[in-house]
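Quick notes on the structure that follows.
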Amino acid sequence: MAGSLFELGGVPGDGAVQWMYVDNTGTTVQTKVINDPAYDEHAVGAGFITQNDAYIVATHTSISSPGISDGIEVLRIDGSGTLQSSSRILNSTDPAYTNLFPIGMLQYSSTELFICGYATPYQPYTWSSLTTDKQAFVLKYDLSSNTVTGIHFIDGGSPVPGGVDLDIAARMKMVSSGIWVGGSVFGGEMMNRIIDPGTLNDVYSVSLGTPSMPGKYESSYDVSENQYGDLFVFGNNCYIDDYNTAPYKYPRPLSMHITAVDPSLNPYPGRNRAQYNSVDLVWGVNTVEDNGSRLILSGMQANRVCNSGLPTTPDNINPFLTQMRLQVIGGSDISVNTYFWKTILSNEGTGNSALSISYLRLGNPWSNLALAPVTTVNDKGSTNDIMLTCPVWNSIAGLLSMKWIRTDNNGELANCKWENACATNYVYFNVPPNGVQTNTATTAQDYTNTFTDDPYRADYEFDCSKYFRTAGVTTITGKPVTASLSPNPATDYIQVQLSSDATEDKQLDIKLIDVTGKQIGVLYSGHSNALPARLNLPQLAPGLYFVNIQYGNDKLKTMSVSIK
């Protein structure tokens with residue numbers, strides 16, 4: 001995992017990238033910190049290419065002159081966390097938008113990495129404000145050559161004096177018709193678009209929601225797709241707060257909601273949104289697929305008033321887990337079936353009496369949990385355990401530390417205080433007859449940008465194991481089943497191979513999907529043990545397609561294939 005250390009060595013503004021390797025018992029095997037002392041660095045995400053070849057994506061912001069040519073840092077490390085080679089710093093050379101701030105990333109293949117965020121003009125010392133002119137972006141990066149291969153900009157307009165600009169791309173996820181991109185758009189609605197991973201152009205773009213009051217906006221942070229092609233967009237209601245004085249406006253979380261949309265991203269015409277009440281100040285962080293019909297959603301919670309016991313307060317923010325089943329009933333209405341909602345409660349909380357300011361501003365306002373850091377994963381092996389991380393106040397160091405939590409598939413964890421939290425704390429909303437509230441199209445503007453690489457090397461090691469919180473765990477005995485596809489590009493056939501962990505003979509369905517989400521055909525349906533060596537392709541026009549694989553109840557990663 002990768003995270004951030006704030007004010008390293010007591011130096012104001014010096015954030016550093018921390019890499020940790022943790023075994024099944026919660027014990028820290030390796031921990032390293034990589035720091036460029038002149039820059040504020042915060043991890044956006046990390047991934048493995050091979051077991052001994054990993055990468056980390058982070059911010060790269062000048063400590064002395066923020067808002068002047070800030071960029072994106074791509075670190076390449078080996079299995080022990082040692083920097084393999086110089087970092088790559090991606091800087092925009094567009095004089096109108098000189099700063100790039102990454103927020104989310106998606107590893108599309110072993111060599112293709114997508115990074116999303118927002119770009120701003122030259123804005124010394126005010127780059128973090130919501131009032132700053134912004135363009136959302138999705139950037140394509142080649143991990144084999146460490147080069148940028150494309151970028152797509154999304155711009156809803158420039159902020160009016162005293163107003164805000166919310167063109168921010170925060171999260172990406174693979175769906176059957178392409179890459180879903182979420183976040184917020186200029187007018188305060190949720191970004192909700194699907195792009196072609198080859199061209200980065202929009203396949204669909206339909207913004208969602210309209211803030212009910214001035215000073216509020218919505219930010220989408222994840223999406224889930226069921227076996228029928230229905231999409232469920234997860235979003236947070238946020239409000240715009242002045243921590244100091246205008247124009248320094250920052251996002252604050254308020255409440256969470258789930259919106260059902262069709263494969264073209266249009267909201268269903270009936271009861272399409274489940275809105276969680278704002279009394280408890282819940283905000284979602286990410287979702288993971290549990291099995292074919294359920295998903296796990298995690299997030300944070302403050303001002304918890306629904307139950308007795310340890311209350312969450314502005315200085316005691318705690319994580320929650322919920323498992324639910326989402327359906328579209330009758331082609332119009334969303335149905336939310338919640339199996340459990342559990343909140344882990346901590347006496348120490350996440351800060352002091354000034355938490356309402358200090359916690360959300362650590363590093364920079366975009367570390368705010370109103371946006372979308374991934375915190376939860378699900379073991380697909382025999383245990384089906386849920387693992388998540390969250391911040392906790394370290395009274396010894398007087399700083400925030402990371403808390404590592406592992407539960408069973410029902411959210412149960414020994415030695416921790418769990419409470420059910422408001423099993424029915426949501427209400428449903430309808431789409432109005434004119435559809436204005438949830439069906440406003442957005443437009444995108446494309447710019448051709450070039451980038452330069454600024455290599456540097458800086459190593460700094462730091463042992464934080466004494467602040468590492470552990471809990472009761474179970475042992476993973478299995479690994480998730482994965483699949484590979486070849487040849488790619490293909491002509492008249494493809495070969496699909498399941499990983500060695502696919503030891504059980506289960507129903508296997510392999511479908512071919514085009515970029516619009518339409519199913520072209522079923523390439524195979526039968527026992528996994530009888531999978532043919534070759535799967536013949538129908539006659540197809542050259543272009544990009546997707547292969548959807550279902551192994552028993554597990555929906556494996558959707559893979560793209562180019563047809564020559």
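As shown in the structure tokens, the chain order sets the letters A, B, ...; within each chain, residues go from 1, and ligands are also counted from 1 in the order they appear.
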Apply DSSP to the structure's backbone, then extract all residues of range 106-287 of chain A labelled strand (DSSP E) and return them as number ranges by chain. A: 106-107, 112-120, 135-142, 147-154, 168-175, 178-184, 190-195, 202-205, 216-225, 231-242, 249-261, 271-276, 282-287
Select, from A:Gly526, A:Gly209, A:Pro267, A:Gly3, the residue with the minimum atom-to-atom distance to Leu231 in chain A, counting only C-alpha atoms.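 Looking only at the distances to Leu231 in chain A, the closest residue turns out to be A:Pro267.
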May I ask which of the residues A:Gly330, A:Pro95, A:Gly117, A:Pro319 is the closest one to Leu388 in chain A, counting only C-alpha atoms?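 Comparing A:Gly330, A:Pro95, A:Gly117, A:Pro319 against Leu388 in chain A, the winner is A:Pro319.
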d(CA of Tyr217 in chain A, CA of Thr59 in chain A) in Å: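 Between these atoms lies a distance of 24.3 Å.
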For Ser69 in chain A, which residue out of A:Ile89, A:Leu295, A:Leu113, A:Ala170 is the nearest one, using only C-alpha atoms?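 Once distances to Ser69 in chain A are computed over only C-alpha atoms, the minimum belongs to A:Ile89.
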Extract, using only C-alpha atoms, all DNA, RNA and protein residues at most 6 Å from range 49-58 of chain A, discarding same-chain residues fewer than 4 positions from it, and format them as a PyMOL selection string. chain A and resi 42-45+73-79+110
Using only C-alpha atoms, determine which residues lie at most 6 Å from range 507-509 of chain A, disregarding the query and same-chain residues fewer than 6 positions distant; provide the list as a PyMOL selection string. chain A and resi 524-528+549-552
In Å, how far is it from CA of Arg534 in chain A to CA of Ile494 in chain A?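 Going from CA of Arg534 in chain A over to CA of Ile494 in chain A, I get 5.9 Å.
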Need the shell around Val377 in chain A: protein/DNA/RNA residues with any atom at most 7 Å away, counting only C-alpha atoms. Skip same-chain ones fewer than 2 positions apart. Format as a ChimeraX atom specification? /A:288,379,386-388
Nearest residue to Ser560 in chain A from the set A:Tyr204, A:Tyr221, A:Pro251, A:Gly198 (distances using only C-alpha atoms): A:Gly198
Determine the nearest neighbour of Pro159 in chain A from the options A:Tyr141, A:Arg271, A:Met172, A:Gln135, counting only C-alpha atoms.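 Using only C-alpha atoms, the shortest distance to Pro159 in chain A belongs to A:Gln135.
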Using Å and a single decimal, report how far CA of Cys116 in chain A sits from CA of Ser80 in chain A.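 Separation of CA of Ser80 in chain A and CA of Cys116 in chain A: 27.2 Å.
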